[in-house]
Structure formats: C-alpha cells, structure tokens
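Participant: My structure is in my_file.tsv, and what it holds is TSV, C-alpha atoms and all ligand atoms:
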```tsv
chain	number	residue	atom	x	y	z
Z	1423	MET	CA	-26.55	57.18	-43.24
Z	1424	SER	CA	-29.00	54.57	-42.09
Z	1425	MET	CA	-31.95	55.59	-39.91
Z	1426	LYS	CA	-32.11	52.17	-38.33
Z	1427	GLY	CA	-32.84	52.15	-34.60
Z	1428	LYS	CA	-30.82	50.16	-32.10
Z	1429	PHE	CA	-32.15	46.86	-30.83
Z	1430	ILE	CA	-31.39	46.21	-27.17
Z	1431	VAL	CA	-32.42	43.17	-25.12
Z	1432	ILE	CA	-32.55	43.04	-21.34
Z	1433	ASP	CA	-32.62	39.55	-19.96
Z	1434	GLY	CA	-31.96	37.58	-16.80
Z	1435	GLY	CA	-33.41	34.99	-14.48
Z	1436	GLU	CA	-36.43	35.37	-12.23
Z	1437	GLY	CA	-36.23	38.27	-9.79
Z	1438	SER	CA	-33.41	40.06	-11.58
Z	1439	GLY	CA	-35.52	43.23	-11.58
Z	1440	LYS	CA	-35.63	43.81	-15.34
Z	1441	THR	CA	-39.39	44.30	-15.63
Z	1442	THR	CA	-39.51	46.79	-12.73
Z	1443	ILE	CA	-36.50	48.62	-14.12
Z	1444	LEU	CA	-38.01	48.87	-17.59
Z	1445	LYS	CA	-41.30	50.14	-16.17
Z	1446	TRP	CA	-39.38	52.94	-14.45
Z	1447	PHE	CA	-37.19	53.60	-17.50
Z	1448	ALA	CA	-40.24	53.87	-19.81
Z	1449	GLU	CA	-41.48	56.82	-17.74
Z	1450	THR	CA	-38.24	58.81	-17.82
Z	1451	PRO	CA	-37.92	61.56	-20.48
Z	1452	PHE	CA	-35.10	59.58	-22.13
Z	1453	GLY	CA	-37.00	56.29	-21.91
Z	1454	LYS	CA	-40.08	57.75	-23.58
Z	1455	LYS	CA	-38.21	57.82	-26.88
Z	1456	PHE	CA	-37.90	54.01	-26.96
Z	1457	LEU	CA	-40.27	51.28	-27.95
Z	1458	ILE	CA	-40.26	49.07	-24.87
Z	1459	THR	CA	-41.65	45.61	-25.39
Z	1460	HIS	CA	-41.44	42.12	-23.88
Z	1461	GLU	CA	-41.41	38.38	-24.62
Z	1462	PRO	CA	-43.15	36.06	-24.79
Z	1463	GLY	CA	-45.78	38.42	-26.20
Z	1464	GLY	CA	-45.59	41.97	-27.43
Z	1465	THR	CA	-48.42	41.78	-29.97
Z	1466	LYS	CA	-52.02	40.65	-29.54
Z	1467	PHE	CA	-51.34	37.34	-31.27
Z	1468	ALA	CA	-48.02	36.75	-29.51
Z	1469	ASP	CA	-49.79	37.44	-26.20
Z	1470	LYS	CA	-52.12	34.55	-26.99
Z	1471	ILE	CA	-49.11	32.29	-27.50
Z	1472	ARG	CA	-47.73	33.59	-24.20
Z	1473	ALA	CA	-50.97	32.66	-22.43
Z	1474	LEU	CA	-50.70	29.14	-23.89
Z	1475	ALA	CA	-47.04	28.68	-23.02
Z	1476	LEU	CA	-47.48	29.85	-19.44
Z	1477	SER	CA	-50.84	28.15	-18.81
Z	1478	GLU	CA	-51.32	25.47	-16.20
Z	1479	GLU	CA	-51.75	22.90	-19.01
Z	1480	ALA	CA	-48.29	23.70	-20.32
Z	1481	THR	CA	-46.63	22.75	-17.03
Z	1482	ARG	CA	-45.53	19.39	-18.39
Z	1483	ALA	CA	-45.07	20.45	-22.00
Z	1484	PRO	CA	-41.73	19.20	-23.31
Z	1485	ALA	CA	-38.94	21.58	-24.28
Z	1486	GLU	CA	-39.75	20.98	-27.97
Z	1487	THR	CA	-43.27	22.36	-27.47
Z	1488	GLN	CA	-42.06	25.42	-25.58
Z	1489	PHE	CA	-39.24	25.95	-28.08
Z	1490	GLY	CA	-41.78	26.00	-30.92
Z	1491	LEU	CA	-44.20	28.29	-29.08
Z	1492	MET	CA	-41.49	30.75	-28.07
Z	1493	TRP	CA	-40.05	30.99	-31.59
Z	1494	ALA	CA	-43.55	31.32	-33.08
Z	1495	ALA	CA	-44.34	34.20	-30.72
Z	1496	ARG	CA	-40.94	35.75	-31.49
Z	1497	ALA	CA	-41.41	35.62	-35.26
Z	1498	GLU	CA	-44.74	37.39	-34.86
Z	1499	HIS	CA	-43.34	39.97	-32.44
Z	1500	LEU	CA	-40.31	40.66	-34.62
Z	1501	LYS	CA	-42.15	41.01	-37.88
Z	1502	ASN	CA	-45.09	43.06	-36.67
Z	1503	LYS	CA	-43.62	45.19	-33.93
Z	1504	ILE	CA	-39.83	45.26	-33.66
Z	1505	ILE	CA	-38.81	45.48	-37.32
Z	1506	PRO	CA	-41.31	48.25	-38.20
Z	1507	ALA	CA	-40.05	50.34	-35.25
Z	1508	LEU	CA	-36.36	49.82	-36.09
Z	1509	ALA	CA	-37.06	50.71	-39.72
Z	1510	LYS	CA	-38.50	54.05	-38.58
Z	1511	GLY	CA	-35.34	54.74	-36.63
Z	1512	VAL	CA	-36.93	54.01	-33.23
Z	1513	ASN	CA	-34.71	52.34	-30.64
Z	1514	VAL	CA	-36.22	49.16	-29.22
Z	1515	ILE	CA	-35.71	47.50	-25.84
Z	1516	SER	CA	-37.13	44.02	-25.35
Z	1517	ASP	CA	-37.60	42.47	-21.92
Z	1518	ARG	CA	-36.39	38.94	-22.80
Z	1519	PHE	CA	-35.70	37.59	-26.29
Z	1520	ASP	CA	-33.98	34.52	-27.78
Z	1521	SER	CA	-31.53	34.44	-24.86
Z	1522	SER	CA	-34.51	33.27	-22.73
Z	1523	THR	CA	-35.24	30.35	-25.06
Z	1524	PHE	CA	-31.61	29.28	-24.86
Z	1525	ALA	CA	-31.56	29.57	-21.06
Z	1526	TYR	CA	-35.00	28.14	-20.22
Z	1527	GLN	CA	-35.62	25.54	-22.90
Z	1528	ILE	CA	-32.14	24.26	-23.71
Z	1529	TYR	CA	-30.59	24.56	-20.26
Z	1530	GLY	CA	-33.52	24.80	-17.80
Z	1531	GLN	CA	-35.59	22.10	-19.51
Z	1532	GLU	CA	-32.43	20.13	-20.32
Z	1533	ALA	CA	-32.80	19.83	-24.09
Z	1534	LYS	CA	-29.24	20.12	-25.35
Z	1535	HIS	CA	-30.28	18.24	-28.49
Z	1536	LEU	CA	-32.10	21.44	-29.51
Z	1537	GLU	CA	-28.98	23.57	-29.39
Z	1538	GLU	CA	-28.02	23.20	-33.04
Z	1539	LEU	CA	-31.62	23.83	-34.08
Z	1540	PHE	CA	-31.62	26.91	-31.86
Z	1541	TRP	CA	-28.69	28.51	-33.69
Z	1542	GLN	CA	-30.15	27.56	-37.08
Z	1543	THR	CA	-33.55	28.97	-36.17
Z	1544	ARG	CA	-31.91	32.12	-34.85
Z	1545	GLU	CA	-30.07	32.60	-38.14
Z	1546	VAL	CA	-33.14	31.96	-40.30
Z	1547	PHE	CA	-35.67	33.87	-38.18
Z	1548	LEU	CA	-33.55	36.86	-37.14
Z	1549	ARG	CA	-31.15	37.21	-40.07
Z	1550	ASP	CA	-29.92	40.83	-40.00
Z	1551	ARG	CA	-32.30	41.73	-37.16
Z	1552	LYS	CA	-30.30	40.27	-34.33
Z	1553	PRO	CA	-30.13	42.39	-31.20
Z	1554	ASP	CA	-27.27	44.93	-31.26
Z	1555	ILE	CA	-26.57	44.33	-27.59
Z	1556	TYR	CA	-27.87	42.21	-24.72
Z	1557	ILE	CA	-27.86	43.50	-21.16
Z	1558	PHE	CA	-27.67	40.55	-18.78
Z	1559	LEU	CA	-28.97	41.21	-15.27
Z	1560	ASP	CA	-27.19	38.48	-13.41
Z	1561	VAL	CA	-28.56	37.35	-10.05
Z	1562	GLU	CA	-28.09	34.18	-8.04
Z	1563	PRO	CA	-31.26	32.10	-8.44
Z	1564	GLU	CA	-31.60	31.71	-4.67
Z	1565	ILE	CA	-31.82	35.48	-4.28
Z	1566	GLY	CA	-33.96	36.03	-7.37
Z	1567	ILE	CA	-36.51	33.42	-6.36
Z	1568	LYS	CA	-36.71	34.86	-2.86
Z	1569	ARG	CA	-37.39	38.28	-4.35
Z	1570	ILE	CA	-40.26	37.13	-6.54
Z	1571	SER	CA	-41.94	35.08	-3.85
Z	1572	GLN	CA	-41.77	38.05	-1.45
Z	1573	ASN	CA	-42.85	40.76	-3.87
Z	1574	ARG	CA	-45.42	39.02	-5.99
Z	1575	LYS	CA	-47.87	37.86	-3.30
Z	1576	LYS	CA	-51.47	37.77	-4.50
Z	1577	ALA	CA	-51.24	40.31	-7.32
Z	1578	LYS	CA	-49.91	37.94	-9.99
Z	1579	PRO	CA	-49.58	34.22	-9.26
Z	1580	LEU	CA	-46.27	32.60	-10.16
Z	1581	ASP	CA	-46.25	30.84	-13.55
Z	1582	HIS	CA	-45.08	27.24	-13.94
Z	1583	PHE	CA	-41.52	28.25	-14.87
Z	1584	GLU	CA	-41.20	30.51	-11.85
Z	1585	LYS	CA	-42.43	27.72	-9.58
Z	1586	ARG	CA	-39.72	25.25	-10.68
Z	1587	SER	CA	-36.92	23.98	-8.48
Z	1588	LEU	CA	-33.80	25.88	-7.61
Z	1589	ASP	CA	-31.88	23.38	-9.78
Z	1590	PHE	CA	-33.93	24.45	-12.79
Z	1591	HIS	CA	-33.13	28.11	-12.15
Z	1592	GLN	CA	-29.46	27.32	-11.64
Z	1593	ARG	CA	-29.42	25.63	-15.05
Z	1594	VAL	CA	-31.16	28.68	-16.52
Z	1595	ARG	CA	-28.39	30.89	-15.19
Z	1596	GLU	CA	-25.78	28.55	-16.68
Z	1597	GLY	CA	-27.64	28.80	-19.98
Z	1598	TYR	CA	-27.43	32.58	-19.94
Z	1599	VAL	CA	-23.72	32.46	-19.22
Z	1600	GLU	CA	-23.23	30.05	-22.16
Z	1601	PHE	CA	-25.38	32.11	-24.53
Z	1602	PHE	CA	-23.59	35.34	-23.70
Z	1603	LYS	CA	-20.26	33.80	-24.68
Z	1604	THR	CA	-21.48	34.06	-28.28
Z	1605	VAL	CA	-23.26	37.43	-28.57
Z	1606	PRO	CA	-22.42	41.08	-27.80
Z	1607	HIS	CA	-23.46	41.70	-24.22
Z	1608	ILE	CA	-22.90	43.59	-20.99
Z	1609	THR	CA	-23.32	41.81	-17.67
Z	1610	ILE	CA	-24.73	43.78	-14.75
Z	1611	ASP	CA	-24.49	42.57	-11.19
Z	1612	ALA	CA	-28.16	42.53	-10.18
Z	1613	HIS	CA	-27.57	41.57	-6.54
Z	1614	ARG	CA	-27.40	45.25	-5.60
Z	1615	SER	CA	-30.38	47.45	-4.80
Z	1616	LEU	CA	-32.96	48.05	-7.48
Z	1617	LYS	CA	-32.03	51.73	-7.53
Z	1618	GLU	CA	-28.35	51.04	-8.21
Z	1619	VAL	CA	-29.13	48.53	-10.95
Z	1620	GLN	CA	-31.70	50.90	-12.44
Z	1621	LEU	CA	-29.17	53.74	-12.69
Z	1622	GLU	CA	-26.55	51.48	-14.21
Z	1623	VAL	CA	-28.94	50.13	-16.85
Z	1624	SER	CA	-30.05	53.63	-17.76
Z	1625	ALA	CA	-26.46	54.94	-17.99
Z	1626	LEU	CA	-25.43	51.97	-20.12
Z	1627	VAL	CA	-28.32	52.41	-22.54
Z	1628	ARG	CA	-27.54	56.12	-22.84
Z	1629	LYS	CA	-23.89	55.44	-23.54
Z	1630	TYR	CA	-24.72	52.72	-26.01
Z	1631	ILE	CA	-27.21	54.83	-27.95
Z	1632	ARG	CA	-24.72	57.67	-28.27
Z	1633	SER	CA	-21.92	55.46	-29.52
X	1701	LIG	P1	-41.77	36.93	-17.70
X	1701	LIG	O1	-42.17	36.45	-16.34
X	1701	LIG	O2	-40.48	37.63	-17.72
X	1701	LIG	O3	-42.84	37.70	-18.40
X	1701	LIG	O4	-41.51	35.61	-18.59
X	1701	LIG	C1	-42.40	34.58	-18.64
X	1701	LIG	C2	-41.77	33.23	-18.45
X	1701	LIG	O5	-41.49	32.65	-19.74
X	1701	LIG	C3	-40.49	33.21	-17.68
X	1701	LIG	O6	-40.61	32.25	-16.65
X	1701	LIG	C4	-39.45	32.75	-18.66
X	1701	LIG	C5	-40.23	32.02	-19.72
X	1701	LIG	N1	-39.67	32.07	-21.09
X	1701	LIG	C6	-39.18	30.89	-21.66
X	1701	LIG	O7	-39.21	29.84	-21.03
X	1701	LIG	N2	-38.66	30.94	-22.93
X	1701	LIG	C7	-38.62	32.10	-23.67
X	1701	LIG	O8	-38.15	32.09	-24.81
X	1701	LIG	C8	-39.14	33.32	-23.06
X	1701	LIG	C9	-39.12	34.60	-23.85
X	1701	LIG	C10	-39.64	33.24	-21.77
```
Just dump the structure as structure tokens.

Facilitator:
Amino acid sequence: MSMKGKFIVIDGGEGSGKTTILKWFAETPFGKKFLITHEPGGTKFADKIRALALSEEATRAPAETQFGLMWAARAEHLKNKIIPALAKGVNVISDRFDSSTFAYQIYGQEAKHLEELFWQTREVFLRDRKPDIYIFLDVEPEIGIKRISQNRKKAKPLDHFEKRSLDFHQRVREGYVEFFKTVPHITIDAHRSLKEVQLEVSALVRKYIRS
C-alpha cells in the first residue's frame, strides 16, 4: 500500500474566502495534520517570484511574463515543498495552483494562444503529481470584489490583479469554469456565509481523505 498523501487544491476568484477558511482550518485538530500552503509562493524562493509577479512594476506585464513566473514559482514549490510532504504520506492543501494560471493568465489576461502550452506545461511539470481533487469556491465577481474592498482596508493593499476591472474578474470566473471541465473537482457555492462555506469545505476534505 502506498503511503502517498492526498493533494488537494482550493481555488476561486477574489473574495471567495479560501484564505480565511484555510487559516481557520489549519488551527482545527483535523487541519493540523495537513501541510497547508499557497501560490504563488510557498517556499522562500517562490515567495520572491510572488513579490515580483505582484509588484507594481508587473502591472502591465504581458500574460506570457506572468505565465512564466507562475510556472517557475510552481515548479519550485512542487519540488521543494509539496512532493516531499506527499512522499512522507502527509496530505497537502494548496491555496491556489495551476487552476489560477488558467483562470488569470489565459482567461483574465486574454491569452488563449497560451492554452495549448498550458496543458503541455502542466503535463511536463506535474506529471504524476497532479492534484487529486480541486475544490472550487465559486462566487460572483461583483460580490467577491465587494468583499475584498470592504475587508482589506489598510492592512494589506490590493495587488494589481485584485484592482482590475469587473470584466477581468468575470473572465477569470469563466476560466475556472472551463478548467474544471477537465479535472476532478467539487464546486462549492461561496455566496453563503463564511461559516457555512467553512463547514462545507471541512466536511468535504474529511470525506475525501477517508475515501
Ligand atoms: P492571493 O491574493 O490569493 O495570494 O493571490 C495572488 C494573486 O495572484 C491573485 O490576484 C491571483 C494571482 N495569480 C495569478 O494570476 N496566476 C497564478 O497562477 C496564481 C497562483 C495567482
């Protein structure tokens, strides 16, 4: 019997609540058994790539640049953090993963010409380390954006992706819907209260780990 841990991704547009939910989950007795990580970033080096990709200077960077940065950070994150944990039998949850590149770069930044390269890169970079399941926290961009602009305030300024137009975020949502047609996933309605979504995510993860 293999010891391999399960690899779960939680993804969704801005204001879907995933980061808050994972912060809560990480503190629960059940959650403490997981390696909870995030993208872009997750290792010291990948965090440097994150800082570059989300910097003011990157505001006008074309989709090709962001695509390259995101996959570079992902390769680093996967090799040095995710794979070693899975190999030890630890279950991993990542806040965002390749689903975000598909949604933000190919759909949000309107670079459909990168789609074929996306699937090729995914195959070459991830090989047998593709996520076992994606949990998609689906929220209407109008509602998600309202949430982040109300909650964030001064603590953490919005990055250049978060500040983009509603159209951009609508395309991002379309991108998620397209991506999830191809991979194993569960969609959660994230319009409900944080508490309800939180409990559903936790129950789903529990059920999935047991199966
Ligand atoms: P975060 O706010 O969830 O930490 O994510 C940072 C931003 O990076 C978010 O606006 C989405 C964006 N992003 C991409 O554009 N492509 C990617 O591949 C990833 C992982 C994130």

Participant: Sorted by chain and rising residue number, which residues of range 1547-1571 of chain Z lie within 12 Å of range 1581-1587 of chain Z, and what are their closest atom pairs and distances in Å to one decimal, counting only C-alpha atoms, as a Markdown table?

Facilitator:
```
| residue | atom | partner | partner_atom | distance |
| --- | --- | --- | --- | --- |
| Z:Pro1563 | CA | Z:Ser1587 | CA | 9.9 |
| Z:Glu1564 | CA | Z:Ser1587 | CA | 10.1 |
| Z:Gly1566 | CA | Z:Glu1584 | CA | 10.1 |
| Z:Ile1567 | CA | Z:Glu1584 | CA | 7.8 |
| Z:Lys1568 | CA | Z:Glu1584 | CA | 11.0 |
| Z:Arg1569 | CA | Z:Glu1584 | CA | 11.5 |
| Z:Ile1570 | CA | Z:Glu1584 | CA | 8.5 |
| Z:Ser1571 | CA | Z:Glu1584 | CA | 9.2 |
```

Participant: Given all atoms listed in the file as the basis, pick out the residue of Z:Met1425, Z:Val1627, Z:Leu1444, Z:Leu1508 nearest to ligand LIG 1701 (chain X).

Facilitator: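 Nearest to ligand LIG 1701 (chain X): Z:Leu1444.
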
Participant: So how far away is CA of Phe1547 in chain Z from CA of Lys1470 in chain Z, in Å?

Facilitator: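 CA of Phe1547 in chain Z lies 19.9 Å from CA of Lys1470 in chain Z.
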
Participant: Tell me, as a list in words, which residues lie within 9 Å of Leu1536 in chain Z, counting only C-alpha atoms; anything in the same chain fewer than 2 positions away does not count.

Facilitator: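 After dropping sequence-adjacent residues, the list is Ala1485, Glu1486, Phe1489, Gln1527, Ile1528, Ala1533, Lys1534, Glu1538, Leu1539, Phe1540 and Trp1541 of chain Z.
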
Participant: For the residues in that selection, give me C-alpha atoms as an mmCIF file, keeping the file's coordinate frame.

Facilitator:
```cif
data_model
loop_
_atom_site.group_PDB
_atom_site.id
_atom_site.type_symbol
_atom_site.label_atom_id
_atom_site.label_comp_id
_atom_site.auth_asym_id
_atom_site.auth_seq_id
_atom_site.Cartn_x
_atom_site.Cartn_y
_atom_site.Cartn_z
ATOM 1 C CA ALA Z 1485 -38.940 21.580 -24.280
ATOM 2 C CA GLU Z 1486 -39.750 20.980 -27.970
ATOM 3 C CA PHE Z 1489 -39.240 25.950 -28.080
ATOM 4 C CA GLN Z 1527 -35.620 25.540 -22.900
ATOM 5 C CA ILE Z 1528 -32.140 24.260 -23.710
ATOM 6 C CA ALA Z 1533 -32.800 19.830 -24.090
ATOM 7 C CA LYS Z 1534 -29.240 20.120 -25.350
ATOM 8 C CA GLU Z 1538 -28.020 23.200 -33.040
ATOM 9 C CA LEU Z 1539 -31.620 23.830 -34.080
ATOM 10 C CA PHE Z 1540 -31.620 26.910 -31.860
ATOM 11 C CA TRP Z 1541 -28.690 28.510 -33.690
#
```

Participant: Which residue, Z:His1591, Z:Lys1617, Z:Lys1455, Z:Lys1552, has the smallest gap to ligand LIG 1701 (chain X) when you use all atoms listed in the file?

Facilitator: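 Among Z:His1591, Z:Lys1617, Z:Lys1455, Z:Lys1552, it is Z:His1591 that comes nearest to ligand LIG 1701 (chain X).
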
Participant: So which one's closest to ligand LIG 1701 (chain X), Z:Val1594, Z:Leu1588, Z:Val1512, Z:Ile1458? Using all atoms listed in the file, please.

Facilitator: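 Checking each of Z:Val1594, Z:Leu1588, Z:Val1512, Z:Ile1458 against ligand LIG 1701 (chain X), counting all atoms listed in the file, the winner is Z:Val1594.
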
Participant: I want to know what sits within 12 Å of Phe1456 in chain Z, based on all atoms listed in the file, with residues of the same chain fewer than 6 positions away left out; could you give that as a list of chain:residue names?

Facilitator: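 Counting only the stated atoms, we get Z:Gly1427, Z:Lys1428, Z:Phe1429, Z:Ile1430, Z:Leu1444, Z:Lys1445, Z:Phe1447, Z:Ala1448, Z:Glu1449, Z:Thr1450, Z:Ile1504, Z:Ala1507, Z:Leu1508, Z:Lys1510, Z:Gly1511, Z:Val1512, Z:Asn1513, Z:Val1514, Z:Ile1515, Z:Ser1516, Z:Val1627, Z:Arg1628, Z:Ile1631.
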
Participant: To one decimal place, how far is CA of Pro1451 in chain Z from CA of Ile1432 in chain Z in Å?

Facilitator: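 These two atoms are separated by 19.3 Å.
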
Participant: Report as a ChimeraX atom specification which protein, DNA and RNA residues come within 6 Å of ligand LIG 1701 (chain X), using only C-alpha atoms and all ligand atoms.

Facilitator: /Z:1461-1462,1492,1518-1520,1522-1523,1526-1527,1583-1584

Participant: Go ahead and save the picked residues with C-alpha atoms, as a compact mmCIF listing (two decimals), keeping the file's coordinate frame.

Facilitator:
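Saved the output as selection-v7.txt:
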```
# COMPACT_ATOMS: atom_id res chain seq x y z
CA GLU Z 1461 -41.41 38.38 -24.62
CA PRO Z 1462 -43.15 36.06 -24.79
CA MET Z 1492 -41.49 30.75 -28.07
CA ARG Z 1518 -36.39 38.94 -22.80
CA PHE Z 1519 -35.70 37.59 -26.29
CA ASP Z 1520 -33.98 34.52 -27.78
CA SER Z 1522 -34.51 33.27 -22.73
CA THR Z 1523 -35.24 30.35 -25.06
CA TYR Z 1526 -35.00 28.14 -20.22
CA GLN Z 1527 -35.62 25.54 -22.90
CA PHE Z 1583 -41.52 28.25 -14.87
CA GLU Z 1584 -41.20 30.51 -11.85
```

Participant: For Ser1615 in chain Z, which residue among Z:Lys1578, Z:Ala1497, Z:His1535, Z:Val1561 is the nearest when counting all atoms listed in the file?

Facilitator: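 Under the stated criterion, the closest residue is Z:Val1561.
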
Participant: How many Å lie between CA of Thr1609 in chain Z and CA of Ala1468 in chain Z, rounded to one decimal?

Facilitator: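 Between CA of Thr1609 in chain Z and CA of Ala1468 in chain Z the gap works out to 27.9 Å.
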
Participant: Between Z:Leu1616, Z:Val1599, Z:Leu1548, Z:Val1431, which one has atoms that come closest to Glu1498 in chain Z, using only C-alpha atoms?

Facilitator: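 Looking only at the distances to Glu1498 in chain Z, the closest residue turns out to be Z:Leu1548.
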
Participant: Kindly indicate which residue among Z:Gly1463, Z:Pro1579, Z:Gly1435, Z:Pro1506 lies nearest to Ala1494 in chain Z, using all atoms listed in the file for the distances.

Facilitator: Z:Gly1463

Participant: Would you kindly identify which residues have an atom no farther than 9 Å from (-36.3, 39.7, -41.7), using all atoms listed in the file and the file's own coordinates, and write them out as a list in words?

Facilitator: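 I get Leu1500, Lys1501, Ile1505, Val1546, Phe1547, Leu1548, Arg1549, Asp1550 and Arg1551 of chain Z for the residues within 9 Å of that point.
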
Participant: Only N, CA and C atoms needed: put range 1429-1455 of chain Z from the block into a file as a short mmCIF file (atom, residue, chain, number, x, y, z; two decimals), in the first residue's frame.

Facilitator:
```cif
data_model
loop_
_atom_site.label_atom_id
_atom_site.label_comp_id
_atom_site.auth_asym_id
_atom_site.auth_seq_id
_atom_site.Cartn_x
_atom_site.Cartn_y
_atom_site.Cartn_z
N PHE Z 1429 -3.35 15.21 -2.41
CA PHE Z 1429 -3.03 16.57 -2.84
C PHE Z 1429 -4.32 17.29 -3.23
N ILE Z 1430 -4.70 18.25 -2.39
CA ILE Z 1430 -5.97 18.97 -2.58
C ILE Z 1430 -5.67 20.44 -2.89
N VAL Z 1431 -6.39 20.99 -3.84
CA VAL Z 1431 -6.25 22.42 -4.16
C VAL Z 1431 -7.56 23.12 -3.85
N ILE Z 1432 -7.46 24.29 -3.22
CA ILE Z 1432 -8.66 25.13 -3.05
C ILE Z 1432 -8.42 26.37 -3.88
N ASP Z 1433 -9.36 26.67 -4.76
CA ASP Z 1433 -9.15 27.83 -5.62
C ASP Z 1433 -10.47 28.57 -5.84
N GLY Z 1434 -10.35 29.77 -6.34
CA GLY Z 1434 -11.53 30.59 -6.61
C GLY Z 1434 -11.11 32.02 -6.81
N GLY Z 1435 -12.02 32.82 -7.28
CA GLY Z 1435 -11.73 34.24 -7.55
C GLY Z 1435 -11.51 35.03 -6.27
N GLU Z 1436 -11.28 36.33 -6.45
CA GLU Z 1436 -11.05 37.21 -5.31
C GLU Z 1436 -12.29 37.23 -4.42
N GLY Z 1437 -12.03 37.22 -3.10
CA GLY Z 1437 -13.13 37.33 -2.15
C GLY Z 1437 -13.98 36.08 -2.00
N SER Z 1438 -13.44 34.93 -2.44
CA SER Z 1438 -14.21 33.69 -2.29
C SER Z 1438 -14.08 33.13 -0.88
N GLY Z 1439 -13.13 33.65 -0.11
CA GLY Z 1439 -13.00 33.27 1.30
C GLY Z 1439 -11.98 32.16 1.55
N LYS Z 1440 -11.32 31.67 0.50
CA LYS Z 1440 -10.47 30.48 0.69
C LYS Z 1440 -9.33 30.69 1.68
N THR Z 1441 -8.71 31.86 1.65
CA THR Z 1441 -7.56 32.09 2.54
C THR Z 1441 -8.02 32.13 4.01
N THR Z 1442 -9.12 32.81 4.26
CA THR Z 1442 -9.68 32.88 5.62
C THR Z 1442 -10.09 31.49 6.10
N ILE Z 1443 -10.70 30.75 5.21
CA ILE Z 1443 -11.17 29.40 5.56
C ILE Z 1443 -9.98 28.49 5.89
N LEU Z 1444 -8.94 28.60 5.08
CA LEU Z 1444 -7.76 27.74 5.32
C LEU Z 1444 -7.04 28.13 6.61
N LYS Z 1445 -7.05 29.40 6.93
CA LYS Z 1445 -6.43 29.86 8.18
C LYS Z 1445 -7.17 29.22 9.36
N TRP Z 1446 -8.47 29.21 9.30
CA TRP Z 1446 -9.29 28.60 10.35
C TRP Z 1446 -9.04 27.08 10.37
N PHE Z 1447 -9.09 26.47 9.21
CA PHE Z 1447 -8.94 25.02 9.09
C PHE Z 1447 -7.60 24.55 9.67
N ALA Z 1448 -6.54 25.34 9.40
CA ALA Z 1448 -5.18 24.96 9.85
C ALA Z 1448 -5.10 24.85 11.37
N GLU Z 1449 -5.99 25.57 12.06
CA GLU Z 1449 -5.96 25.58 13.53
C GLU Z 1449 -6.85 24.51 14.16
N THR Z 1450 -7.65 23.83 13.35
CA THR Z 1450 -8.52 22.79 13.91
C THR Z 1450 -7.67 21.53 14.13
N PRO Z 1451 -8.07 20.66 15.08
CA PRO Z 1451 -7.27 19.45 15.34
C PRO Z 1451 -7.08 18.61 14.06
N PHE Z 1452 -8.12 18.53 13.23
CA PHE Z 1452 -8.03 17.78 11.98
C PHE Z 1452 -7.10 18.48 11.00
N GLY Z 1453 -7.23 19.79 10.92
CA GLY Z 1453 -6.43 20.58 9.98
C GLY Z 1453 -4.94 20.56 10.29
N LYS Z 1454 -4.62 20.39 11.57
CA LYS Z 1454 -3.20 20.40 11.98
C LYS Z 1454 -2.40 19.27 11.36
N LYS Z 1455 -3.10 18.25 10.86
CA LYS Z 1455 -2.39 17.11 10.27
C LYS Z 1455 -1.98 17.37 8.81
#
```
